[in-house]
Amino acid sequence: MILKDKYNLTREENVFVAKKYLKDSVYRSAFLEGMAVTFPQTEAILENATVNNVSAKDVAKVIELRDAWEYLLANLDVSLDLKYLEDLHEIIAREDVPWDRLGKLRTDNVRISGTNYIPKVPNPETASLKINEILESDNSDTEKAITMLLYLMRAQLFLDGNKRIATFACNKILVSTGHGIFSLPPELKEEFAEKLIHFYETDDMDELKTFVYDNCLSGL
C-alpha cells in the first residue's frame, strides 16, 4: 500500500500544531513508555506545578520529553542522521542509562519483552546507510516518517529510549515537511503493541505502517 501525505501544511502551521498539542504529545509518549502519569499530572508537571503520587523519576522523564520537543522544533533544519539521534538520546535518556552511555550506540545485546526477537548490535555505517535509504526513497514524506519510526523501533540502536528516539525522528520528518504529527492514542496502545511484536518477529512492517497511518497522525 502506497501511503500518500495525509496532511499538507506549511512548516509554520505544522509547528503551531505541534506546540498546540505538545502537552498531549508528551502525555501520549509517556503512556507509550509505561510511565505512571495521567494527562492532568503531565500537564501539571509541564506547568511546574506540584504533583502528588508521581515518582521523581517519572517527573524527570516527562521533563525530558518536553525538552526533546523543544530540541526538535529548534532544529528542524538539522539533518536527520546518527549525530542528530545521538544528540536527542542525550536529552531523552538521562533517567534510563548511565551517563557514559548517553548519546552512544549500544555495544551489547538487548532483549525485548514479549518476543524472542533479538536485535543485532548496531553497526554505525549500516545504520547510517539505512537512515539515508529511507530519507532518499521515492516514498511520500509521511511514509518516510512512518518507515523511520518502525525501523528505529526494531533496530534498537541505543541501550534504552528507542521508542522515544523513533517517535521524535518520525515527528522531525513530519513537522519539517508540513505533514502533521505522530502520537499513539492511549486506547490503541495494546493493539499497537501486538502489531509491533509481529513486526519485530517478521520484519514485515506493512500492517503496522497502515495502522499508524490510519490511527496515529494528526494535523489541520
# chains A, B, ... in the order shown; residues from 1 in each chain; ligands from 1
$ residues_around --residues "Trp69 of chain A" --least-positions-apart "3" --cutoff "8 Å" --atoms "only C-alpha atoms" --output "list in words"
Leu22, Leu65, Arg66, Leu72, Leu73 and Phe168 of chain A
$ write_last_selection --atoms "C-alpha atoms" --output "short mmCIF file (atom, residue, chain, number, x, y, z; two decimals), in the first residue's frame"
data_model
loop_
_atom_site.label_atom_id
_atom_site.label_comp_id
_atom_site.auth_asym_id
_atom_site.auth_seq_id
_atom_site.Cartn_x
_atom_site.Cartn_y
_atom_site.Cartn_z
CA LEU A 22 2.64 19.46 22.95
CA LEU A 65 10.11 14.63 26.68
CA ARG A 66 9.30 18.35 26.79
CA LEU A 72 13.15 19.12 17.70
CA LEU A 73 11.35 22.39 16.98
CA PHE A 168 10.90 12.04 17.67
#
$ residues_around --residues "segment 204-208 of chain A" --least-positions-apart "6" --cutoff "12 Å" --atoms "only C-alpha atoms" --output "list in words"
Met1, Ile2, Leu3, Glu143, Ile146, Thr147, Met148, Leu149, Leu150, Tyr151, Met153, Arg154, Glu191, Phe192, Ala193, Glu194, Lys195, Leu196, Ile197, His198, Asp214, Asn215 and Cys216 of chain A
$ write_last_selection --atoms "N, CA and C atoms" --output "JSON list (two decimals), in the first residue's frame"
[["chain", "number", "residue", "atom", "x", "y", "z"],
["A", 1, "MET", "N", 0.84, -1.20, 0.00],
["A", 1, "MET", "CA", 0.00, 0.00, 0.00],
["A", 1, "MET", "C", 0.87, 1.25, 0.00],
["A", 2, "ILE", "N", 0.61, 2.15, -0.94],
["A", 2, "ILE", "CA", 1.33, 3.41, -1.01],
["A", 2, "ILE", "C", 0.66, 4.40, -0.06],
["A", 3, "LEU", "N", 1.45, 5.00, 0.82],
["A", 3, "LEU", "CA", 0.91, 5.94, 1.79],
["A", 3, "LEU", "C", 1.17, 7.37, 1.31],
["A", 143, "GLU", "N", 5.22, 8.57, 4.49],
["A", 143, "GLU", "CA", 5.65, 7.18, 4.52],
["A", 143, "GLU", "C", 7.10, 7.07, 4.99],
["A", 146, "ILE", "N", 6.98, 7.30, 8.82],
["A", 146, "ILE", "CA", 6.49, 6.08, 9.46],
["A", 146, "ILE", "C", 7.51, 4.95, 9.32],
["A", 147, "THR", "N", 8.13, 4.85, 8.17],
["A", 147, "THR", "CA", 9.17, 3.83, 7.98],
["A", 147, "THR", "C", 10.33, 4.06, 8.93],
["A", 148, "MET", "N", 10.73, 5.34, 9.11],
["A", 148, "MET", "CA", 11.80, 5.66, 10.04],
["A", 148, "MET", "C", 11.41, 5.28, 11.46],
["A", 149, "LEU", "N", 10.19, 5.59, 11.84],
["A", 149, "LEU", "CA", 9.67, 5.23, 13.16],
["A", 149, "LEU", "C", 9.85, 3.75, 13.43],
["A", 150, "LEU", "N", 9.39, 2.92, 12.48],
["A", 150, "LEU", "CA", 9.39, 1.48, 12.71],
["A", 150, "LEU", "C", 10.79, 0.89, 12.59],
["A", 151, "TYR", "N", 11.59, 1.40, 11.67],
["A", 151, "TYR", "CA", 12.98, 0.93, 11.57],
["A", 151, "TYR", "C", 13.72, 1.15, 12.89],
["A", 153, "MET", "N", 12.51, 1.62, 15.91],
["A", 153, "MET", "CA", 11.98, 0.80, 17.00],
["A", 153, "MET", "C", 12.55, -0.62, 16.93],
["A", 154, "ARG", "N", 12.64, -1.16, 15.73],
["A", 154, "ARG", "CA", 13.12, -2.54, 15.59],
["A", 154, "ARG", "C", 14.64, -2.64, 15.72],
["A", 191, "GLU", "N", -3.28, -2.68, 20.99],
["A", 191, "GLU", "CA", -3.30, -3.15, 19.61],
["A", 191, "GLU", "C", -1.99, -2.82, 18.90],
["A", 192, "PHE", "N", -1.47, -1.63, 19.16],
["A", 192, "PHE", "CA", -0.18, -1.24, 18.58],
["A", 192, "PHE", "C", 0.91, -2.20, 19.05],
["A", 193, "ALA", "N", 0.93, -2.52, 20.34],
["A", 193, "ALA", "CA", 1.95, -3.40, 20.89],
["A", 193, "ALA", "C", 1.91, -4.78, 20.24],
["A", 194, "GLU", "N", 0.71, -5.29, 20.00],
["A", 194, "GLU", "CA", 0.57, -6.60, 19.36],
["A", 194, "GLU", "C", 1.13, -6.58, 17.94],
["A", 195, "LYS", "N", 0.81, -5.52, 17.21],
["A", 195, "LYS", "CA", 1.32, -5.40, 15.84],
["A", 195, "LYS", "C", 2.82, -5.15, 15.82],
["A", 196, "LEU", "N", 3.31, -4.44, 16.83],
["A", 196, "LEU", "CA", 4.75, -4.18, 16.92],
["A", 196, "LEU", "C", 5.52, -5.47, 17.16],
["A", 197, "ILE", "N", 5.00, -6.34, 18.03],
["A", 197, "ILE", "CA", 5.65, -7.63, 18.28],
["A", 197, "ILE", "C", 5.69, -8.45, 16.99],
["A", 198, "HIS", "N", 4.60, -8.44, 16.25],
["A", 198, "HIS", "CA", 4.56, -9.17, 14.97],
["A", 198, "HIS", "C", 5.62, -8.61, 14.02],
["A", 214, "ASP", "N", -3.40, 5.22, 9.65],
["A", 214, "ASP", "CA", -4.85, 5.37, 9.86],
["A", 214, "ASP", "C", -5.20, 5.93, 11.22],
["A", 215, "ASN", "N", -4.35, 5.70, 12.24],
["A", 215, "ASN", "CA", -4.75, 5.98, 13.61],
["A", 215, "ASN", "C", -3.87, 6.95, 14.40],
["A", 216, "CYS", "N", -2.68, 7.25, 13.93],
["A", 216, "CYS", "CA", -1.71, 7.93, 14.79],
["A", 216, "CYS", "C", -1.19, 9.25, 14.25]]
$ residues_around --residues "His179 of chain A" --least-positions-apart "6" --cutoff "7 Å" --atoms "only C-alpha atoms" --output "ChimeraX atom specification"
/A:5-9,142
$ closest_residue --among "A:Leu188, A:Ala127, A:Leu102, A:Met35" --to "Lys57 of chain A" --atoms "only C-alpha atoms"
A:Met35
$ atom_distance --atom1 "atom CA of Pro122 of chain A" --atom2 "atom CA of Lys144 of chain A"
20.7 Å
$ closest_residue --among "A:Phe199, A:Phe182, A:Tyr117, A:Tyr213" --to "Ser25 of chain A" --atoms "only C-alpha atoms"
A:Phe182
$ closest_residue --among "A:Val37, A:Asn132, A:Gly219, A:Lys163" --to "Asn52 of chain A" --atoms "only C-alpha atoms"
A:Val37
$ select_by_dssp --residues "segment 19-162 of chain A" --states "helix (DSSP H, G or I)" --output "PyMOL selection string"
chain A and resi 19-20+22-32+39-46+56-74+82-92+99-101+124-135+141-155+162
$ write_last_selection --atoms "C-alpha atoms" --output "PDB file, in the first residue's frame"
ATOM      1  CA  LYS A  19       3.110  23.420  20.020  1.00  0.00           C
ATOM      2  CA  LYS A  20      -0.676  23.386  20.480  1.00  0.00           C
ATOM      3  CA  LEU A  22       2.641  19.462  22.952  1.00  0.00           C
ATOM      4  CA  LYS A  23       1.173  18.509  26.328  1.00  0.00           C
ATOM      5  CA  ASP A  24      -0.942  15.789  24.755  1.00  0.00           C
ATOM      6  CA  SER A  25       2.030  14.513  22.720  1.00  0.00           C
ATOM      7  CA  VAL A  26       4.201  14.362  25.838  1.00  0.00           C
ATOM      8  CA  TYR A  27       1.468  12.513  27.735  1.00  0.00           C
ATOM      9  CA  ARG A  28       0.988  10.001  24.921  1.00  0.00           C
ATOM     10  CA  SER A  29       4.727   9.377  24.675  1.00  0.00           C
ATOM     11  CA  ALA A  30       4.885   8.865  28.431  1.00  0.00           C
ATOM     12  CA  PHE A  31       1.931   6.465  28.285  1.00  0.00           C
ATOM     13  CA  LEU A  32       3.549   4.517  25.425  1.00  0.00           C
ATOM     14  CA  PHE A  39      -2.812  13.683  31.456  1.00  0.00           C
ATOM     15  CA  PRO A  40      -3.644  16.125  34.293  1.00  0.00           C
ATOM     16  CA  GLN A  41      -0.425  15.109  36.068  1.00  0.00           C
ATOM     17  CA  THR A  42       1.558  15.554  32.854  1.00  0.00           C
ATOM     18  CA  GLU A  43       0.008  18.973  32.354  1.00  0.00           C
ATOM     19  CA  ALA A  44       0.863  19.969  35.922  1.00  0.00           C
ATOM     20  CA  ILE A  45       4.472  18.798  35.563  1.00  0.00           C
ATOM     21  CA  LEU A  46       4.888  20.821  32.371  1.00  0.00           C
ATOM     22  CA  ALA A  56      10.635  11.797  40.864  1.00  0.00           C
ATOM     23  CA  LYS A  57      11.958   9.650  38.012  1.00  0.00           C
ATOM     24  CA  ASP A  58       8.706   9.878  36.050  1.00  0.00           C
ATOM     25  CA  VAL A  59       8.569  13.643  36.633  1.00  0.00           C
ATOM     26  CA  ALA A  60      12.103  13.922  35.250  1.00  0.00           C
ATOM     27  CA  LYS A  61      11.230  11.778  32.234  1.00  0.00           C
ATOM     28  CA  VAL A  62       8.218  13.952  31.406  1.00  0.00           C
ATOM     29  CA  ILE A  63      10.515  16.992  31.505  1.00  0.00           C
ATOM     30  CA  GLU A  64      12.913  15.155  29.187  1.00  0.00           C
ATOM     31  CA  LEU A  65      10.112  14.630  26.676  1.00  0.00           C
ATOM     32  CA  ARG A  66       9.299  18.345  26.792  1.00  0.00           C
ATOM     33  CA  ASP A  67      12.976  19.188  26.300  1.00  0.00           C
ATOM     34  CA  ALA A  68      13.159  16.820  23.334  1.00  0.00           C
ATOM     35  CA  TRP A  69      10.209  18.548  21.676  1.00  0.00           C
ATOM     36  CA  GLU A  70      11.909  21.902  22.206  1.00  0.00           C
ATOM     37  CA  TYR A  71      15.092  20.499  20.666  1.00  0.00           C
ATOM     38  CA  LEU A  72      13.150  19.119  17.701  1.00  0.00           C
ATOM     39  CA  LEU A  73      11.354  22.392  16.985  1.00  0.00           C
ATOM     40  CA  ALA A  74      14.555  24.412  17.333  1.00  0.00           C
ATOM     41  CA  LEU A  82      23.116   9.383  13.581  1.00  0.00           C
ATOM     42  CA  LYS A  83      24.586  12.538  15.116  1.00  0.00           C
ATOM     43  CA  TYR A  84      21.105  14.030  15.443  1.00  0.00           C
ATOM     44  CA  LEU A  85      19.792  10.831  17.062  1.00  0.00           C
ATOM     45  CA  GLU A  86      22.746  10.687  19.446  1.00  0.00           C
ATOM     46  CA  ASP A  87      22.176  14.305  20.487  1.00  0.00           C
ATOM     47  CA  LEU A  88      18.488  13.554  21.002  1.00  0.00           C
ATOM     48  CA  HIS A  89      19.340  10.485  23.070  1.00  0.00           C
ATOM     49  CA  GLU A  90      21.364  12.655  25.444  1.00  0.00           C
ATOM     50  CA  ILE A  91      18.128  14.541  26.164  1.00  0.00           C
ATOM     51  CA  ILE A  92      15.537  11.775  26.437  1.00  0.00           C
ATOM     52  CA  TRP A  99      25.975   8.953  31.823  1.00  0.00           C
ATOM     53  CA  ASP A 100      28.767   7.276  29.857  1.00  0.00           C
ATOM     54  CA  ARG A 101      26.179   5.571  27.602  1.00  0.00           C
ATOM     55  CA  PRO A 124      27.175   2.782  12.695  1.00  0.00           C
ATOM     56  CA  GLU A 125      27.836   2.584   8.957  1.00  0.00           C
ATOM     57  CA  THR A 126      24.947   0.186   8.336  1.00  0.00           C
ATOM     58  CA  ALA A 127      22.579   2.316  10.431  1.00  0.00           C
ATOM     59  CA  SER A 128      23.613   5.497   8.622  1.00  0.00           C
ATOM     60  CA  LEU A 129      23.078   3.848   5.239  1.00  0.00           C
ATOM     61  CA  LYS A 130      19.606   2.650   6.280  1.00  0.00           C
ATOM     62  CA  ILE A 131      18.609   6.100   7.552  1.00  0.00           C
ATOM     63  CA  ASN A 132      19.765   7.683   4.281  1.00  0.00           C
ATOM     64  CA  GLU A 133      17.982   4.990   2.271  1.00  0.00           C
ATOM     65  CA  ILE A 134      14.694   5.820   3.999  1.00  0.00           C
ATOM     66  CA  LEU A 135      15.128   9.591   3.603  1.00  0.00           C
ATOM     67  CA  ASP A 141       7.357  12.258   3.365  1.00  0.00           C
ATOM     68  CA  THR A 142       4.667  10.689   5.538  1.00  0.00           C
ATOM     69  CA  GLU A 143       5.653   7.178   4.522  1.00  0.00           C
ATOM     70  CA  LYS A 144       9.326   8.041   5.095  1.00  0.00           C
ATOM     71  CA  ALA A 145       8.429   9.227   8.608  1.00  0.00           C
ATOM     72  CA  ILE A 146       6.490   6.084   9.462  1.00  0.00           C
ATOM     73  CA  THR A 147       9.166   3.826   7.975  1.00  0.00           C
ATOM     74  CA  MET A 148      11.803   5.661  10.036  1.00  0.00           C
ATOM     75  CA  LEU A 149       9.670   5.234  13.159  1.00  0.00           C
ATOM     76  CA  LEU A 150       9.386   1.481  12.706  1.00  0.00           C
ATOM     77  CA  TYR A 151      12.982   0.927  11.573  1.00  0.00           C
ATOM     78  CA  LEU A 152      14.346   2.666  14.684  1.00  0.00           C
ATOM     79  CA  MET A 153      11.976   0.797  16.999  1.00  0.00           C
ATOM     80  CA  ARG A 154      13.118  -2.545  15.591  1.00  0.00           C
ATOM     81  CA  ALA A 155      16.820  -1.682  15.259  1.00  0.00           C
ATOM     82  CA  ASN A 162      14.453   3.611  21.495  1.00  0.00           C
TER      83      ASN A 162
END
$ closest_residue --among "A:Thr50, A:Leu80, A:Asp108, A:Thr177" --to "Ile165 of chain A" --atoms "only C-alpha atoms"
A:Leu80
$ decode --residues "segment 128-173 of chain A" --atoms "N, CA and C atoms" --output "PDB file, in the first residue's frame"
ATOM      1  N   SER A 128      23.619   4.253   9.396  1.00  0.00           N
ATOM      2  CA  SER A 128      23.613   5.497   8.622  1.00  0.00           C
ATOM      3  C   SER A 128      23.105   5.261   7.209  1.00  0.00           C
ATOM      4  N   LEU A 129      23.540   4.167   6.591  1.00  0.00           N
ATOM      5  CA  LEU A 129      23.078   3.848   5.239  1.00  0.00           C
ATOM      6  C   LEU A 129      21.570   3.615   5.207  1.00  0.00           C
ATOM      7  N   LYS A 130      21.040   2.929   6.233  1.00  0.00           N
ATOM      8  CA  LYS A 130      19.606   2.650   6.280  1.00  0.00           C
ATOM      9  C   LYS A 130      18.811   3.940   6.465  1.00  0.00           C
ATOM     10  N   ILE A 131      19.285   4.815   7.343  1.00  0.00           N
ATOM     11  CA  ILE A 131      18.609   6.100   7.552  1.00  0.00           C
ATOM     12  C   ILE A 131      18.585   6.898   6.253  1.00  0.00           C
ATOM     13  N   ASN A 132      19.699   6.964   5.552  1.00  0.00           N
ATOM     14  CA  ASN A 132      19.765   7.683   4.281  1.00  0.00           C
ATOM     15  C   ASN A 132      18.868   7.036   3.231  1.00  0.00           C
ATOM     16  N   GLU A 133      18.833   5.714   3.228  1.00  0.00           N
ATOM     17  CA  GLU A 133      17.982   4.990   2.271  1.00  0.00           C
ATOM     18  C   GLU A 133      16.519   5.369   2.466  1.00  0.00           C
ATOM     19  N   ILE A 134      16.088   5.442   3.713  1.00  0.00           N
ATOM     20  CA  ILE A 134      14.694   5.820   3.999  1.00  0.00           C
ATOM     21  C   ILE A 134      14.433   7.257   3.563  1.00  0.00           C
ATOM     22  N   LEU A 135      15.338   8.167   3.907  1.00  0.00           N
ATOM     23  CA  LEU A 135      15.128   9.591   3.603  1.00  0.00           C
ATOM     24  C   LEU A 135      15.197   9.885   2.115  1.00  0.00           C
ATOM     25  N   GLU A 136      15.982   9.118   1.372  1.00  0.00           N
ATOM     26  CA  GLU A 136      16.179   9.387  -0.047  1.00  0.00           C
ATOM     27  C   GLU A 136      15.280   8.549  -0.947  1.00  0.00           C
ATOM     28  N   SER A 137      14.386   7.788  -0.356  1.00  0.00           N
ATOM     29  CA  SER A 137      13.477   6.967  -1.151  1.00  0.00           C
ATOM     30  C   SER A 137      12.478   7.843  -1.902  1.00  0.00           C
ATOM     31  N   ASP A 138      11.749   7.239  -2.830  1.00  0.00           N
ATOM     32  CA  ASP A 138      10.733   7.960  -3.605  1.00  0.00           C
ATOM     33  C   ASP A 138       9.383   7.999  -2.896  1.00  0.00           C
ATOM     34  N   ASN A 139       9.310   7.491  -1.680  1.00  0.00           N
ATOM     35  CA  ASN A 139       8.050   7.489  -0.938  1.00  0.00           C
ATOM     36  C   ASN A 139       7.662   8.894  -0.524  1.00  0.00           C
ATOM     37  N   SER A 140       6.394   9.062  -0.134  1.00  0.00           N
ATOM     38  CA  SER A 140       5.947  10.341   0.408  1.00  0.00           C
ATOM     39  C   SER A 140       6.683  10.633   1.710  1.00  0.00           C
ATOM     40  N   ASP A 141       6.715  11.906   2.101  1.00  0.00           N
ATOM     41  CA  ASP A 141       7.357  12.258   3.365  1.00  0.00           C
ATOM     42  C   ASP A 141       6.694  11.541   4.533  1.00  0.00           C
ATOM     43  N   THR A 142       5.387  11.378   4.465  1.00  0.00           N
ATOM     44  CA  THR A 142       4.667  10.689   5.538  1.00  0.00           C
ATOM     45  C   THR A 142       5.085   9.233   5.634  1.00  0.00           C
ATOM     46  N   GLU A 143       5.216   8.575   4.490  1.00  0.00           N
ATOM     47  CA  GLU A 143       5.653   7.178   4.522  1.00  0.00           C
ATOM     48  C   GLU A 143       7.101   7.074   4.992  1.00  0.00           C
ATOM     49  N   LYS A 144       7.943   8.024   4.593  1.00  0.00           N
ATOM     50  CA  LYS A 144       9.326   8.041   5.095  1.00  0.00           C
ATOM     51  C   LYS A 144       9.329   8.139   6.626  1.00  0.00           C
ATOM     52  N   ALA A 145       8.474   9.025   7.156  1.00  0.00           N
ATOM     53  CA  ALA A 145       8.429   9.227   8.608  1.00  0.00           C
ATOM     54  C   ALA A 145       8.004   7.959   9.329  1.00  0.00           C
ATOM     55  N   ILE A 146       6.980   7.301   8.815  1.00  0.00           N
ATOM     56  CA  ILE A 146       6.490   6.084   9.462  1.00  0.00           C
ATOM     57  C   ILE A 146       7.509   4.952   9.325  1.00  0.00           C
ATOM     58  N   THR A 147       8.126   4.848   8.172  1.00  0.00           N
ATOM     59  CA  THR A 147       9.166   3.826   7.975  1.00  0.00           C
ATOM     60  C   THR A 147      10.330   4.061   8.930  1.00  0.00           C
ATOM     61  N   MET A 148      10.727   5.336   9.105  1.00  0.00           N
ATOM     62  CA  MET A 148      11.803   5.661  10.036  1.00  0.00           C
ATOM     63  C   MET A 148      11.411   5.278  11.456  1.00  0.00           C
ATOM     64  N   LEU A 149      10.190   5.587  11.836  1.00  0.00           N
ATOM     65  CA  LEU A 149       9.670   5.234  13.159  1.00  0.00           C
ATOM     66  C   LEU A 149       9.845   3.749  13.425  1.00  0.00           C
ATOM     67  N   LEU A 150       9.388   2.924  12.485  1.00  0.00           N
ATOM     68  CA  LEU A 150       9.386   1.481  12.706  1.00  0.00           C
ATOM     69  C   LEU A 150      10.786   0.892  12.590  1.00  0.00           C
ATOM     70  N   TYR A 151      11.591   1.404  11.671  1.00  0.00           N
ATOM     71  CA  TYR A 151      12.982   0.927  11.573  1.00  0.00           C
ATOM     72  C   TYR A 151      13.720   1.152  12.892  1.00  0.00           C
ATOM     73  N   LEU A 152      13.603   2.351  13.462  1.00  0.00           N
ATOM     74  CA  LEU A 152      14.346   2.666  14.684  1.00  0.00           C
ATOM     75  C   LEU A 152      13.814   1.887  15.884  1.00  0.00           C
ATOM     76  N   MET A 153      12.512   1.621  15.913  1.00  0.00           N
ATOM     77  CA  MET A 153      11.976   0.797  16.999  1.00  0.00           C
ATOM     78  C   MET A 153      12.547  -0.615  16.931  1.00  0.00           C
ATOM     79  N   ARG A 154      12.643  -1.164  15.731  1.00  0.00           N
ATOM     80  CA  ARG A 154      13.118  -2.545  15.591  1.00  0.00           C
ATOM     81  C   ARG A 154      14.636  -2.642  15.718  1.00  0.00           C
ATOM     82  N   ALA A 155      15.355  -1.624  15.234  1.00  0.00           N
ATOM     83  CA  ALA A 155      16.820  -1.682  15.259  1.00  0.00           C
ATOM     84  C   ALA A 155      17.380  -1.544  16.665  1.00  0.00           C
ATOM     85  N   GLN A 156      16.656  -0.814  17.555  1.00  0.00           N
ATOM     86  CA  GLN A 156      17.112  -0.661  18.942  1.00  0.00           C
ATOM     87  C   GLN A 156      18.568  -0.190  18.983  1.00  0.00           C
ATOM     88  N   LEU A 157      18.821   0.969  18.394  1.00  0.00           N
ATOM     89  CA  LEU A 157      20.200   1.457  18.278  1.00  0.00           C
ATOM     90  C   LEU A 157      20.846   1.775  19.621  1.00  0.00           C
ATOM     91  N   PHE A 158      20.023   2.122  20.611  1.00  0.00           N
ATOM     92  CA  PHE A 158      20.553   2.558  21.906  1.00  0.00           C
ATOM     93  C   PHE A 158      20.195   1.560  23.000  1.00  0.00           C
ATOM     94  N   LEU A 159      20.849   1.701  24.123  1.00  0.00           N
ATOM     95  CA  LEU A 159      20.629   0.790  25.243  1.00  0.00           C
ATOM     96  C   LEU A 159      19.211   0.906  25.780  1.00  0.00           C
ATOM     97  N   ASP A 160      18.645   2.108  25.760  1.00  0.00           N
ATOM     98  CA  ASP A 160      17.268   2.337  26.205  1.00  0.00           C
ATOM     99  C   ASP A 160      16.776   3.616  25.522  1.00  0.00           C
ATOM    100  N   GLY A 161      15.449   3.818  25.562  1.00  0.00           N
ATOM    101  CA  GLY A 161      14.875   5.030  24.990  1.00  0.00           C
ATOM    102  C   GLY A 161      14.590   4.947  23.503  1.00  0.00           C
ATOM    103  N   ASN A 162      14.569   3.745  22.945  1.00  0.00           N
ATOM    104  CA  ASN A 162      14.453   3.611  21.495  1.00  0.00           C
ATOM    105  C   ASN A 162      13.087   3.999  20.939  1.00  0.00           C
ATOM    106  N   LYS A 163      12.007   3.713  21.660  1.00  0.00           N
ATOM    107  CA  LYS A 163      10.686   4.146  21.177  1.00  0.00           C
ATOM    108  C   LYS A 163      10.615   5.664  21.145  1.00  0.00           C
ATOM    109  N   ARG A 164      11.180   6.311  22.156  1.00  0.00           N
ATOM    110  CA  ARG A 164      11.168   7.775  22.171  1.00  0.00           C
ATOM    111  C   ARG A 164      12.008   8.343  21.037  1.00  0.00           C
ATOM    112  N   ILE A 165      13.184   7.786  20.825  1.00  0.00           N
ATOM    113  CA  ILE A 165      14.022   8.215  19.703  1.00  0.00           C
ATOM    114  C   ILE A 165      13.248   8.069  18.398  1.00  0.00           C
ATOM    115  N   ALA A 166      12.578   6.932  18.225  1.00  0.00           N
ATOM    116  CA  ALA A 166      11.850   6.656  16.988  1.00  0.00           C
ATOM    117  C   ALA A 166      10.708   7.647  16.770  1.00  0.00           C
ATOM    118  N   THR A 167       9.957   7.942  17.834  1.00  0.00           N
ATOM    119  CA  THR A 167       8.822   8.850  17.665  1.00  0.00           C
ATOM    120  C   THR A 167       9.288  10.270  17.364  1.00  0.00           C
ATOM    121  N   PHE A 168      10.398  10.695  17.955  1.00  0.00           N
ATOM    122  CA  PHE A 168      10.895  12.039  17.669  1.00  0.00           C
ATOM    123  C   PHE A 168      11.496  12.122  16.267  1.00  0.00           C
ATOM    124  N   ALA A 169      12.159  11.069  15.807  1.00  0.00           N
ATOM    125  CA  ALA A 169      12.660  11.059  14.436  1.00  0.00           C
ATOM    126  C   ALA A 169      11.507  11.126  13.445  1.00  0.00           C
ATOM    127  N   CYS A 170      10.458  10.369  13.713  1.00  0.00           N
ATOM    128  CA  CYS A 170       9.252  10.409  12.884  1.00  0.00           C
ATOM    129  C   CYS A 170       8.666  11.817  12.854  1.00  0.00           C
ATOM    130  N   ASN A 171       8.543  12.427  14.024  1.00  0.00           N
ATOM    131  CA  ASN A 171       7.952  13.761  14.094  1.00  0.00           C
ATOM    132  C   ASN A 171       8.851  14.829  13.484  1.00  0.00           C
ATOM    133  N   LYS A 172      10.151  14.637  13.527  1.00  0.00           N
ATOM    134  CA  LYS A 172      11.043  15.596  12.871  1.00  0.00           C
ATOM    135  C   LYS A 172      10.753  15.646  11.374  1.00  0.00           C
ATOM    136  N   ILE A 173      10.596  14.480  10.761  1.00  0.00           N
ATOM    137  CA  ILE A 173      10.295  14.431   9.333  1.00  0.00           C
ATOM    138  C   ILE A 173       8.932  15.065   9.057  1.00  0.00           C
TER     139      ILE A 173
END
